[in-house]
4 protein chains.
Amino acid sequence: MDKELSSIHYDQYLQLQKILKAQHLRSEEFKKPAHDEMLFIIVHQVYELWFKEILHDLNSVMDLFSEGTVEEAQIGVAISRLDRIVKIQKILVDQIDIIETMTPLDFLDFRNYLLPASGFQSFQFRQLEVSLGLKRESRVSYTQCAYSGVFSDEEQEILNKLEAEDSMLQLVEKWLERTPFLQFERFDFLQEYQNSVMKMLKREEEAIKNADYISEHEKNLRIRMLGETNTYFSSIFNKDKHEEKLKEGRLKLSYRATISALLINLYRDEPLLRQPFMFLQKLIDMDELLTTWRNRHAQMVLRTLGQKIGTGGSSGYDYLKTTADRHRIFYDLHNVSTLLIPRSFLPELPEELKRKLDFNFSKQSNK
Amino acid sequence: MDKELSSIHYDQYLQLQKILKAQHLRSEEFKKPAHDEMLFIIVHQVYELWFKEILHDLNSVMDLFSEGTVEEAQIGVAISRLDRIVKIQKILVDQIDIIETMTPLDFLDFRNYLLPASGFQSFQFRQLEVSLGLKRESRVSYTQCAYSGVFSDEEQEILNKLEAEDSMLQLVEKWLERTPFLQFERFDFLQEYQNSVMKMLKREEEAIKNADYISEHEKNLRIRMLGETNTYFSSIFNKDKHEEKLKEGRLKLSYRATISALLINLYRDEPLLRQPFMFLQKLIDMDELLTTWRNRHAQMVLRTLGQKIGTGGSSGYDYLKTTADRHRIFYDLHNVSTLLIPRSFLPELPEELKRKLDFNFSKQSNK
Amino acid sequence: MDKELSSIHYDQYLQLQKILKAQHLRSEEFKKPAHDEMLFIIVHQVYELWFKEILHDLNSVMDLFSEGTVEEAQIGVAISRLDRIVKIQKILVDQIDIIETMTPLDFLDFRNYLLPASGFQSFQFRQLEVSLGLKRESRVSYTQCAYSGVFSDEEQEILNKLEAEDSMLQLVEKWLERTPFLQFERFDFLQEYQNSVMKMLKREEEAIKNADYISEHEKNLRIRMLGETNTYFSSIFNKDKHEEKLKEGRLKLSYRATISALLINLYRDEPLLRQPFMFLQKLIDMDELLTTWRNRHAQMVLRTLGQKIGTGGSSGYDYLKTTADRHRIFYDLHNVSTLLIPRSFLPELPEELKRKLDFNFSKQSNK
Amino acid sequence: MDKELSSIHYDQYLQLQKILKAQHLRSEEFKKPAHDEMLFIIVHQVYELWFKEILHDLNSVMDLFSEGTVEEAQIGVAISRLDRIVKIQKILVDQIDIIETMTPLDFLDFRNYLLPASGFQSFQFRQLEVSLGLKRESRVSYTQCAYSGVFSDEEQEILNKLEAEDSMLQLVEKWLERTPFLQFERFDFLQEYQNSVMKMLKREEEAIKNADYISEHEKNLRIRMLGETNTYFSSIFNKDKHEEKLKEGRLKLSYRATISALLINLYRDEPLLRQPFMFLQKLIDMDELLTTWRNRHAQMVLRTLGQKIGTGGSSGYDYLKTTADRHRIFYDLHNVSTLLIPRSFLPELPEELKRKLDFNFSKQSNK
């Protein structure tokens, strides 16, 4: 107990002696001091500090989900940790405005001293991608050199180990697969949902046919939309098709996990599903912000370097832009939107299931 | 059903004929066209549109809370509506950057044509303040003229009616007062909490006394902090003191409501309290952003007008700055932080109560 | 003079009767009121109001540049107007956060009532694109229907007229082409620049050859980079190549305009070139933010609709994403970065030219 | 030359071994690991890194201004450096959102281990305040302890030296005082300006008197406004009054410097004054953002600690809030807005002076 009271000073606590002495300007070393190199170093150090925090939060969430069971209270914790990551990501995007105060000409003053250092060598960012679920084989190949040339043996080992373990994507998949509500006594969610979809499509078709007063053009549009809608749904009703797409790499979440995600989205207003729904939303937020960051990063590089090759030898802009789309992790969750149906067509849950999804605390009390 | 299919065009749906034809430049009317007056008009129209949306969301939440009972599912809805308000408020703050592109000199080109129009005349903003819970008697008095000179009879009537009804603050207070968990069988929350606080304070005092190795200065600091901490707590343990402060206008929430808010904050990890906790957080976010907006608004006015008197005759900057602090609504919720104690001192809830605060869905299942 | 003093009230000045009465919910009309439709309408109206302001500012800048000569003072005005546009664009991007509070399920509650309205029908946004310089033939073709089906005859005529006139891109091109400093007495900018580039490339090549201590891998990287650098420069030294690329649509600015932009970037520290440099920067900012907006918009659509077809019949996400890259206007200005060389290699300007680029006010005075 | 080609790796360049190993959690040391302490450390380290960059940029601007003469080109550099500071400040404000993801209860888990560390001990932030021009005697006194108890002897010496030297405020004052345009041949700016003000006031008074159709209330308002306007102006026409206010600490800039700032604001469209005007704007931006940061910081503390005393012994919220207003540096520049008059009343500059304020490059050329 006593020990808790030992004193500490701000500088010492934050180890500012290390932090504020870790800016060594290469341009000064080479006797051609460039004012903006300080910014260049500091902005990257700030990024790395935030990456450390993101990994700290992400790992803690992965720990929660790597147990066989996830307690409800823990989903609350997971949401608040992901929310923190999302808020950090927003700053990561916004602070690109700071880097862009460095004009291309100012960068040229010291760029030559940096070779072959490159953001591609950020170990923490790679850790983050792998932890989220980016597979080596899905990576946009990086022109310069083999993966092995970039990281130390020790680092490579860590990455290999990470790839072998469950990623966030896989942990979420397993958690979704465990959802017990897909089949509840006589209530078969998928069957009920399919019935509703069919009813909805049929009603829409009839409505279009009978609507004499809308233009032919619009009628065709509506029929075409209906056709495409049909296509999307047919895939979720057919496990084989789904697994085919998994093999082709066009989907990432198992059939069962996808259906659970759909259920959570459709019945998110039930108390027990509220938190799981918010959790899925946060994953989508995170994914979206990662994409936004990649897009903005690519643009910033275009602006600073034009078509010049990056210091690490990458093709710069083109490489970065391609990753924005291709390195998306939770694409399947975005895609669940395709399968949603209006609330008015939603199959009603049996009373007993609704009760299970509610709190023990009696409804009669006035809260 | 058929009717649902009637067609609509973008322009028509958004009534752009009205929206985009509602910018009439006074400077043009007076034959001295000032380029920036367009911005001035549009930025205010955008503010009013957002105010309308905020009121739409706030009113819907107030409706949910004006029933005797608030369903759990409805708290989820309330949270998402308040979250939307918060996101709008962020934009309201950020878009001050746009107004500030209008320099003071540019404003002078048309300012004289605007008298005596003033932001103080925004009926929707007044509605918002009153709906949240700002009382006429707590308002910073506005130098220019009586309340009655500003709004039409009809508008005044609406405001009077609003003031007579329950505000958001009062609805939240009533909802908090209904919390049934303050007393649960033999578990008396306030008593248990008080015991914990006492134990905590005693241990801290002893630790300080025994810590020979910390400086005298720091020892004094810690003892002083302990003393002040003591003071805060003594107020929550004494209903009379609390009610005295209510009378003096230094507090706004009733004794019982305050204790409920404290309980929700301390046991927010229990599933049933998770959503109520998030709801209280959103109220604080909203309050904080309103204060931020007032501060930024005041600064923007200082920058554009200096010490000049406002077009409505207000003292401009000084008036606005004072409201930032004095027009805060949910100050008591901010203040609950003063009463929190570390988790390690938290009284443990009885098993039966924990069960009540959890879901019906059996824990044995693997979710 | 008297007339200037006529009074006006806030509501009347902002025409709030029109603005705040222009939200007609289709879902209410069809007796299935959906709370979130209000947000959907308001957010689009806000976008349209900002578009009006952007057009107001952009047109005023285009007017300044459509004269044969642009006064220096006017460049200052142009910069501040573009800066305003940029600040508005930031808000346009940021407020996507507000739209995303509307979940896909909430959108489905009223989506069906909106057909076939679509953001593609925004006349102002089309005006903006055409005014900036997006040509009909460069547009990503929109699957649904011909251009003519979207706008009224009158609107089409306006767009046709706009396309026939000089766009912002063309006005900037003409202004750049008029720069008189490319050839100043015996100083031939392009020749001097070419000499410097050659000298720089040669020195780099030698340095690489002689650097025994760097790895073979890095040596190759550096040589490869040098080669590519060579390629970029060769294009700017060869007018024919440049014009070939213009024909292929891979470049948009004329040879002479490109060289002027290069000169302004390289000698931006000379007083007379400072403002032109800032002006070019603002154009790049604007272009970059338009791209960011398109990217974020595409993601928001993916999130809300998944792969569903848009209400206007577009392929939604894919269409929007493609425009982000393909509808860029000032790509050539971004690309000037490729041609920059470090200040240490910059050809020195003749004294007389430096004097011309400075102020009349005598240097001896102490300012 | 060769040496420039020595290789460097990303980790090594950014000294990530230092940066990423500088997070030592006190809560872990005391065997009660608190997840959120990592965030607490990292967010403060990020702030300190940004403070270092701000000081780097600010010092470079102060160096430019500490010469007897400031070259025009250097004002351009100063603007871009201040612009960078402003962009960093925006992030400093925005990232408070990240800190606020740490709830009060989470903070209590490790708060006790931090005593008596306090943000008040940030040496860099103190350096920044002193460099800008905050005087010891103007500081809001900090309850805890003497200035000397906070910093080491060495640090105190640096601060003393900084206080003895010219601050940014003083450098700006001297630079303004050197403006040679206040008196140009027969053109006496102050006299001409005074004439215009008088003419303007007289015309306004007459207009009010003659306007029978506006309400008595409004008439009184306009007359009162006129009266106050009169008061502001009378102070600028009376050097003695100005110096009295300086002595009382109500103003900070000398009489001559204030008049120069006014001239620059009024004639900012003249090419030579464009950059000085933008420079003054950036100072105001910087000041405003510092105030915004202080306000947000105060609110964040209120939210996390309530009325609890800070770890350093400060009164937390109240102290911080007071500094927001009282530690403003460039208040006089904000205040120049009070003295502006509409362009239509602006005294015209003599042709010869206009020529001096323009570029050497002949107007006949088509640029």
# chains A, B, ... in the order shown; residues from 1 in each chain; ligands from 1
>>> interface_residues(of="chain A", to="chain D", cutoff="6 Å", atoms="only C-alpha atoms", output="list in words")
Glu4, Ser7, Ile8, His9, Tyr10, Gln15, Ile19, Ala22, Val46, Arg84, Lys87, Ile98, Thr101, Tyr113, Leu115, Ala117 and Ser118 of chain A
>>> write_last_selection(atoms="N, CA, C and O atoms", output="JSON list (two decimals), in the first residue's frame")
[["chain", "number", "residue", "atom", "x", "y", "z"],
["A", 4, "GLU", "N", 2.37, 2.59, -3.17],
["A", 4, "GLU", "CA", 1.51, 3.32, -4.10],
["A", 4, "GLU", "C", 1.73, 4.83, -4.02],
["A", 4, "GLU", "O", 1.37, 5.57, -4.89],
["A", 7, "SER", "N", 6.45, 9.07, -5.21],
["A", 7, "SER", "CA", 6.20, 10.25, -6.04],
["A", 7, "SER", "C", 6.74, 10.07, -7.46],
["A", 7, "SER", "O", 7.65, 9.30, -7.69],
["A", 8, "ILE", "N", 6.17, 10.82, -8.35],
["A", 8, "ILE", "CA", 6.71, 10.82, -9.71],
["A", 8, "ILE", "C", 6.47, 12.19, -10.34],
["A", 8, "ILE", "O", 5.47, 12.86, -10.07],
["A", 9, "HIS", "N", 7.40, 12.58, -11.18],
["A", 9, "HIS", "CA", 7.30, 13.86, -11.86],
["A", 9, "HIS", "C", 6.85, 13.63, -13.30],
["A", 9, "HIS", "O", 7.10, 12.57, -13.87],
["A", 10, "TYR", "N", 6.17, 14.60, -13.85],
["A", 10, "TYR", "CA", 5.65, 14.54, -15.22],
["A", 10, "TYR", "C", 6.69, 14.04, -16.24],
["A", 10, "TYR", "O", 6.43, 13.10, -16.99],
["A", 15, "GLN", "N", 8.76, 9.76, -19.57],
["A", 15, "GLN", "CA", 10.08, 9.46, -20.15],
["A", 15, "GLN", "C", 10.41, 10.44, -21.28],
["A", 15, "GLN", "O", 10.86, 10.05, -22.35],
["A", 19, "ILE", "N", 11.75, 10.46, -25.28],
["A", 19, "ILE", "CA", 10.83, 10.87, -26.34],
["A", 19, "ILE", "C", 11.31, 12.13, -27.08],
["A", 19, "ILE", "O", 11.29, 12.19, -28.31],
["A", 22, "ALA", "N", 14.70, 11.95, -29.38],
["A", 22, "ALA", "CA", 14.77, 10.90, -30.39],
["A", 22, "ALA", "C", 14.57, 11.43, -31.81],
["A", 22, "ALA", "O", 14.16, 10.72, -32.71],
["A", 46, "VAL", "N", 4.64, 10.07, -34.10],
["A", 46, "VAL", "CA", 3.28, 10.15, -33.58],
["A", 46, "VAL", "C", 2.44, 9.00, -34.13],
["A", 46, "VAL", "O", 1.71, 8.32, -33.40],
["A", 84, "ARG", "N", -12.56, 3.52, -29.13],
["A", 84, "ARG", "CA", -11.30, 4.27, -28.96],
["A", 84, "ARG", "C", -10.43, 4.16, -30.22],
["A", 84, "ARG", "O", -9.89, 5.15, -30.69],
["A", 87, "LYS", "N", -11.74, 6.40, -32.86],
["A", 87, "LYS", "CA", -11.44, 7.82, -32.62],
["A", 87, "LYS", "C", -9.97, 8.12, -32.94],
["A", 87, "LYS", "O", -9.65, 9.19, -33.46],
["A", 98, "ILE", "N", -1.58, 17.95, -41.55],
["A", 98, "ILE", "CA", -0.30, 18.51, -41.05],
["A", 98, "ILE", "C", 0.84, 18.16, -41.99],
["A", 98, "ILE", "O", 1.64, 19.01, -42.35],
["A", 101, "THR", "N", 1.40, 20.23, -45.05],
["A", 101, "THR", "CA", 2.00, 21.58, -45.00],
["A", 101, "THR", "C", 3.46, 21.53, -45.47],
["A", 101, "THR", "O", 4.08, 22.56, -45.67],
["A", 113, "TYR", "N", 18.39, 11.59, -48.27],
["A", 113, "TYR", "CA", 19.08, 11.01, -47.11],
["A", 113, "TYR", "C", 18.32, 9.85, -46.47],
["A", 113, "TYR", "O", 18.81, 9.23, -45.55],
["A", 115, "LEU", "N", 16.84, 7.12, -47.96],
["A", 115, "LEU", "CA", 16.81, 5.82, -48.62],
["A", 115, "LEU", "C", 17.53, 4.76, -47.80],
["A", 115, "LEU", "O", 18.57, 5.05, -47.24],
["A", 117, "ALA", "N", 14.74, 3.78, -46.36],
["A", 117, "ALA", "CA", 13.67, 3.71, -45.37],
["A", 117, "ALA", "C", 12.32, 3.95, -46.05],
["A", 117, "ALA", "O", 12.23, 4.70, -47.02],
["A", 118, "SER", "N", 11.29, 3.32, -45.52],
["A", 118, "SER", "CA", 9.98, 3.41, -46.15],
["A", 118, "SER", "C", 8.91, 3.02, -45.16],
["A", 118, "SER", "O", 9.13, 2.17, -44.28]]
>>> atom_distance(atom1="atom CA of Ala78 of chain B", atom2="atom CA of Leu280 of chain B")
10.5 Å
>>> select_by_dssp(residues="segment 169-363 of chain A", states="strand (DSSP E)", output="tab-separated table (two decimals) with N, CA and C atoms, in the first residue's frame")
chain	number	residue	atom	x	y	z
A	183	GLN	N	-31.64	-21.17	-34.51
A	183	GLN	CA	-32.68	-22.19	-34.41
A	183	GLN	C	-33.18	-22.16	-32.98
A	184	PHE	N	-34.42	-21.80	-32.78
A	184	PHE	CA	-34.95	-21.76	-31.41
A	184	PHE	C	-36.28	-22.49	-31.37
A	187	PHE	N	-38.73	-22.21	-34.13
A	187	PHE	CA	-38.42	-21.03	-34.95
A	187	PHE	C	-37.10	-21.24	-35.70
A	188	ASP	N	-37.22	-21.37	-37.01
A	188	ASP	CA	-36.01	-21.54	-37.83
A	188	ASP	C	-35.76	-20.22	-38.56
>>> residues_around(residues="Thr338 of chain B", least_positions_apart="4", cutoff="6 Å", atoms="only C-alpha atoms", output="VMD selection string")
chain D and resid 305 to 308
>>> atom_distance(atom1="atom CA of Phe237 of chain B", atom2="atom CA of Leu333 of chain B")
17.1 Å
